[in-house]
Amino acid sequence: MARKPRIHFSGAVYHVLLRGLEDKAVFRTVGDRRQWEALVAEGVERFDHKVLGFCWMTDHVQLAIEVGDVPLSRVMQNLSFRYTRYYNGQHDEDGALFHGRYKAILVDPDRYLTELVAYIHNNPVRAGKAKKAADFKWSSHATYLGKDNREWVSTERCLESFGKTSRKAVPAFAKFVDAARSEGVRSDLERGTDGGRLLGDAKFKRRALKPAKPVKRPMNLNQLVKLVCREEGVKEAELKTPSRARRESAIRQTIAYLAMEFSIANLTALADRFNRDLTTMSRNQRYFRDRLAEDSALRKRVTQLRRQVSAS
C-alpha cells in the first residue's frame, strides 16, 4: 500500500524521529554533534521554522518542529543530506547514514506540546543514559532552564503554558519534566493515529486535513535576476561573460540559491541563462551553501534578499 502524503500547513507542529541505519551511531564525537547543531541552526534561519525541543541520542535524534511555509520534508532532507556528507567525509565512510524516511507525527500543540517537549527531554532517562533530563547535555532542556545559549531553540510557546513570566514558568516547567521521567514509552506520542500521521481529536484532524490554499510563486526568473542585479549594482550582461571574477560568480550563485529555494528555476535553466556549464554551476552551488553556514555577512545579505523575494 502506498504511503499517505505528509500533512503540511504553515504553523504545523511535528514530533520528528530520525534513526541511524541499522541503529548505527550517527554521532561519534562532540564535533559531530556540534556540526549537526550548526546545520540545524542554519536551517532555522534558512527555512523559517522553529525548533521547539530536541534530543540528540547516539543513534537517533528527536525534535519538536513548528514549520512555516517550507514543508518539513524539505527541512529534513536538506539536514540529513548535508550532515551525511559531513559525516562520511569526517569518518571516511560512504553511503546512507540514516534509516530511510524520518518519522513525523503531526500533533495538536494546544493539547500535546508541553507533554511532547517533556517526553523528548526525558528520552535519555528512558534509555538509561541519565537519571534526570537536566543531566543530559545534548537536549534543549538546558535551553529551557536558561543555562545555555542555543538561540535557535524557541521556548516561548511551551513555557507560556507554565507562567506569564520566565521567573514563574521555568521552575514550573522543570518540575513538570522531572515528574514525567518515570512514565515510560508513550505510544500516542510515538505512533500517533490515522496511520501514524497525526495526534489529536476529531476537530484537529478535520482542520489538519483541510485542503491547503495553493501557494503562488513569488516571481519568475526574469524578475528574480532583475531584483538581485539591481540590489547588487550589476548588469545581467556582466553575469554572462566568460569571466570568473569572484564578485560576479557570487552573484550568480546567490541567484541560483534563491531560484531553487523558492522553486523558481532549476540549475539547468540557470546554467543556460548565464552561459555556464551545468556541472560547474552545481559544484559551485554546493560550495555556496557551505559558505552560508560559515560566512555571517553573506548569510545576512542572502536573508535580506530572501525577504524581498518573499515580500514580492
# chains A, B, ... in the order shown; residues from 1 in each chain; ligands from 1
call {"tool": "residues_around", "arguments": {"residues": "Asn122 (chain A)", "least_positions_apart": "5", "cutoff": "12 Å", "atoms": "only C-alpha atoms", "output": "ChimeraX atom specification"}}
result
/A:53-57,62,115-117,127-141,174,176-186
call {"tool": "write_last_selection", "arguments": {"atoms": "C-alpha atoms", "output": "compact mmCIF listing (two decimals), in the first residue's frame"}}
result
# COMPACT_ATOMS: atom_id res chain seq x y z
CA GLY A 53 12.56 20.89 21.51
CA PHE A 54 15.27 18.37 20.68
CA CYS A 55 17.39 15.48 21.92
CA TRP A 56 20.48 14.12 20.15
CA MET A 57 21.00 10.50 21.20
CA GLN A 62 14.17 13.58 18.18
CA GLU A 115 3.93 16.75 27.01
CA LEU A 116 5.88 16.26 23.79
CA VAL A 117 8.76 18.53 24.84
CA ALA A 127 17.23 4.95 27.63
CA GLY A 128 19.18 4.70 30.89
CA LYS A 129 21.67 7.38 29.83
CA ALA A 130 20.76 9.82 32.58
CA LYS A 131 18.92 9.86 35.90
CA LYS A 132 17.08 13.06 35.02
CA ALA A 133 16.72 15.33 31.99
CA ALA A 134 19.00 18.00 33.45
CA ASP A 135 21.92 15.53 33.49
CA PHE A 136 21.98 15.11 29.70
CA LYS A 137 23.92 17.72 27.74
CA TRP A 138 22.57 17.17 24.25
CA SER A 139 18.93 18.20 24.58
CA SER A 140 17.08 21.52 24.72
CA HIS A 141 16.32 21.07 28.43
CA ALA A 174 11.41 21.89 35.20
CA PHE A 176 6.75 19.12 35.05
CA VAL A 177 9.57 17.44 33.11
CA ASP A 178 11.00 15.84 36.25
CA ALA A 179 7.59 14.45 37.20
CA ALA A 180 7.29 12.77 33.79
CA ARG A 181 10.65 10.99 33.84
CA SER A 182 9.19 7.67 35.02
CA GLU A 183 6.23 7.49 32.59
CA GLY A 184 7.97 5.19 30.08
CA VAL A 185 7.27 4.94 26.34
CA ARG A 186 4.09 6.67 25.23
call {"tool": "select_by_dssp", "arguments": {"residues": "region 61-242 of chain A", "states": "helix (DSSP H, G or I)", "output": "PyMOL selection string"}}
result
chain A and resi 72-91+109-121+123-126+133-135+141-144+156-159+166-179+187-191+202-208+221-232+236-240
call {"tool": "residues_around", "arguments": {"residues": "Trp36 (chain A)", "least_positions_apart": "5", "cutoff": "10 Å", "atoms": "only C-alpha atoms", "output": "list in words"}}
result
Val26, Phe27, Val30, Gly31, Ala41, Glu42, Trp56, Leu79, Ser80, Arg82, Tyr83, Thr84, Tyr86 and Tyr87 of chain A
call {"tool": "closest_residue", "arguments": {"among": "A:Leu209, A:Ala269, A:Met76, A:Val309", "to": "Leu18 (chain A)", "atoms": "only C-alpha atoms"}}
result
A:Met76
call {"tool": "atom_distance", "arguments": {"atom1": "CA of Lys205 (chain A)", "atom2": "CA of Asp108 (chain A)"}}
result
8.8 Å
call {"tool": "residues_around", "arguments": {"residues": "region 223-226 of chain A", "least_positions_apart": "6", "cutoff": "8 Å", "atoms": "only C-alpha atoms", "output": "list in words"}}
result
Glu236, Ile255, Ala259 and Val309 of chain A
call {"tool": "residues_around", "arguments": {"residues": "Ser154 (chain A)", "least_positions_apart": "5", "cutoff": "7 Å", "atoms": "only C-alpha atoms", "output": "list of chain:residue names"}}
result
A:Lys50, A:Val51, A:Leu52
call {"tool": "select_by_dssp", "arguments": {"residues": "region 38-108 of chain A", "states": "strand (DSSP E)", "output": "ChimeraX atom specification"}}
result
/A:50-56,60-66,103-107
call {"tool": "write_last_selection", "arguments": {"atoms": "all heavy atoms", "output": "compact mmCIF listing (two decimals), in the first residue's frame"}}
result
# COMPACT_ATOMS: atom_id res chain seq x y z
N LYS A 50 10.68 26.64 13.43
CA LYS A 50 11.09 26.76 14.82
C LYS A 50 11.37 25.37 15.41
O LYS A 50 10.58 24.44 15.21
CB LYS A 50 10.00 27.44 15.64
CG LYS A 50 9.73 28.88 15.24
CD LYS A 50 8.61 29.47 16.07
CE LYS A 50 8.33 30.92 15.65
NZ LYS A 50 7.21 31.51 16.43
N VAL A 51 12.48 25.26 16.11
CA VAL A 51 12.77 24.05 16.87
C VAL A 51 12.25 24.29 18.28
O VAL A 51 12.76 25.14 19.02
CB VAL A 51 14.29 23.74 16.90
CG1 VAL A 51 14.57 22.57 17.83
CG2 VAL A 51 14.79 23.44 15.50
N LEU A 52 11.22 23.55 18.66
CA LEU A 52 10.58 23.73 19.96
C LEU A 52 11.18 22.82 21.03
O LEU A 52 10.96 23.03 22.22
CB LEU A 52 9.08 23.46 19.85
CG LEU A 52 8.34 24.27 18.77
CD1 LEU A 52 6.87 23.87 18.73
CD2 LEU A 52 8.47 25.76 19.02
N GLY A 53 11.91 21.81 20.59
CA GLY A 53 12.56 20.89 21.51
C GLY A 53 13.38 19.90 20.74
O GLY A 53 13.09 19.61 19.57
N PHE A 54 14.45 19.36 21.36
CA PHE A 54 15.27 18.37 20.68
C PHE A 54 16.01 17.49 21.67
O PHE A 54 16.17 17.84 22.85
CB PHE A 54 16.28 19.03 19.74
CG PHE A 54 17.45 19.68 20.46
CD1 PHE A 54 18.55 18.93 20.86
CD2 PHE A 54 17.44 21.04 20.72
CE1 PHE A 54 19.61 19.53 21.52
CE2 PHE A 54 18.50 21.64 21.38
CZ PHE A 54 19.59 20.87 21.79
N CYS A 55 16.49 16.36 21.17
CA CYS A 55 17.39 15.48 21.92
C CYS A 55 18.24 14.72 20.91
O CYS A 55 17.69 14.08 20.00
CB CYS A 55 16.60 14.50 22.79
SG CYS A 55 17.65 13.39 23.78
N TRP A 56 19.56 14.81 21.05
CA TRP A 56 20.48 14.12 20.15
C TRP A 56 21.04 12.89 20.89
O TRP A 56 21.96 13.00 21.66
CB TRP A 56 21.64 15.01 19.73
CG TRP A 56 21.37 16.43 19.33
CD1 TRP A 56 22.15 17.51 19.62
CD2 TRP A 56 20.30 16.93 18.52
NE1 TRP A 56 21.62 18.65 19.07
CE2 TRP A 56 20.49 18.33 18.38
CE3 TRP A 56 19.19 16.34 17.91
CZ2 TRP A 56 19.62 19.14 17.67
CZ3 TRP A 56 18.31 17.14 17.21
CH2 TRP A 56 18.53 18.51 17.07
N HIS A 60 20.11 8.16 17.30
CA HIS A 60 18.93 8.78 16.71
C HIS A 60 18.74 10.18 17.26
O HIS A 60 19.36 10.56 18.26
CB HIS A 60 17.67 7.94 16.96
CG HIS A 60 17.18 7.95 18.38
ND1 HIS A 60 17.73 7.15 19.35
CD2 HIS A 60 16.22 8.69 18.98
CE1 HIS A 60 17.11 7.37 20.50
NE2 HIS A 60 16.20 8.32 20.31
N VAL A 61 17.88 10.95 16.59
CA VAL A 61 17.55 12.30 17.05
C VAL A 61 16.03 12.42 17.14
O VAL A 61 15.30 11.77 16.39
CB VAL A 61 18.11 13.39 16.10
CG1 VAL A 61 19.62 13.29 16.02
CG2 VAL A 61 17.49 13.30 14.71
N GLN A 62 15.59 13.25 18.06
CA GLN A 62 14.17 13.58 18.18
C GLN A 62 14.02 15.09 18.23
O GLN A 62 14.84 15.78 18.85
CB GLN A 62 13.57 12.98 19.45
CG GLN A 62 13.35 11.48 19.40
CD GLN A 62 12.42 11.00 20.51
OE1 GLN A 62 11.27 11.44 20.60
NE2 GLN A 62 12.93 10.10 21.34
N LEU A 63 12.99 15.59 17.57
CA LEU A 63 12.73 17.03 17.56
C LEU A 63 11.24 17.30 17.64
O LEU A 63 10.42 16.49 17.19
CB LEU A 63 13.25 17.67 16.28
CG LEU A 63 14.71 17.56 15.91
CD1 LEU A 63 14.89 16.56 14.77
CD2 LEU A 63 15.25 18.92 15.48
N ALA A 64 10.91 18.46 18.16
CA ALA A 64 9.59 19.05 18.02
C ALA A 64 9.79 20.27 17.14
O ALA A 64 10.55 21.18 17.50
CB ALA A 64 9.00 19.44 19.36
N ILE A 65 9.16 20.31 15.98
CA ILE A 65 9.37 21.37 15.00
C ILE A 65 8.05 22.01 14.60
O ILE A 65 7.07 21.32 14.31
CB ILE A 65 10.07 20.82 13.73
CG1 ILE A 65 11.49 20.36 14.03
CG2 ILE A 65 10.09 21.88 12.63
CD1 ILE A 65 12.23 19.87 12.82
N GLU A 66 8.04 23.33 14.56
CA GLU A 66 6.92 24.08 14.01
C GLU A 66 7.36 24.68 12.69
O GLU A 66 8.28 25.50 12.65
CB GLU A 66 6.50 25.20 14.97
CG GLU A 66 5.35 26.05 14.43
CD GLU A 66 5.00 27.22 15.34
OE1 GLU A 66 5.32 27.15 16.55
OE2 GLU A 66 4.42 28.21 14.84
N LYS A 103 10.56 9.71 10.62
CA LYS A 103 9.19 9.54 11.08
C LYS A 103 8.70 10.86 11.63
O LYS A 103 9.41 11.54 12.38
CB LYS A 103 9.13 8.48 12.18
CG LYS A 103 7.73 8.18 12.69
CD LYS A 103 7.76 7.07 13.73
CE LYS A 103 6.36 6.75 14.23
NZ LYS A 103 6.40 5.66 15.24
N ALA A 104 7.51 11.26 11.24
CA ALA A 104 6.96 12.54 11.70
C ALA A 104 5.48 12.39 12.01
O ALA A 104 4.72 11.88 11.20
CB ALA A 104 7.17 13.62 10.64
N ILE A 105 5.10 12.83 13.20
CA ILE A 105 3.70 12.82 13.61
C ILE A 105 3.25 14.26 13.81
O ILE A 105 3.86 15.01 14.58
CB ILE A 105 3.51 12.04 14.93
CG1 ILE A 105 3.95 10.59 14.76
CG2 ILE A 105 2.05 12.09 15.38
CD1 ILE A 105 3.99 9.81 16.05
N LEU A 106 2.22 14.66 13.09
CA LEU A 106 1.64 15.98 13.26
C LEU A 106 0.84 15.97 14.57
O LEU A 106 -0.04 15.13 14.75
CB LEU A 106 0.72 16.31 12.09
CG LEU A 106 -0.09 17.60 12.19
CD1 LEU A 106 0.81 18.80 12.06
CD2 LEU A 106 -1.18 17.63 11.13
N VAL A 107 1.17 16.86 15.49
CA VAL A 107 0.50 16.86 16.79
C VAL A 107 -0.30 18.15 17.00
O VAL A 107 0.05 19.21 16.45
CB VAL A 107 1.51 16.69 17.95
CG1 VAL A 107 2.28 15.40 17.79
CG2 VAL A 107 2.47 17.87 18.03
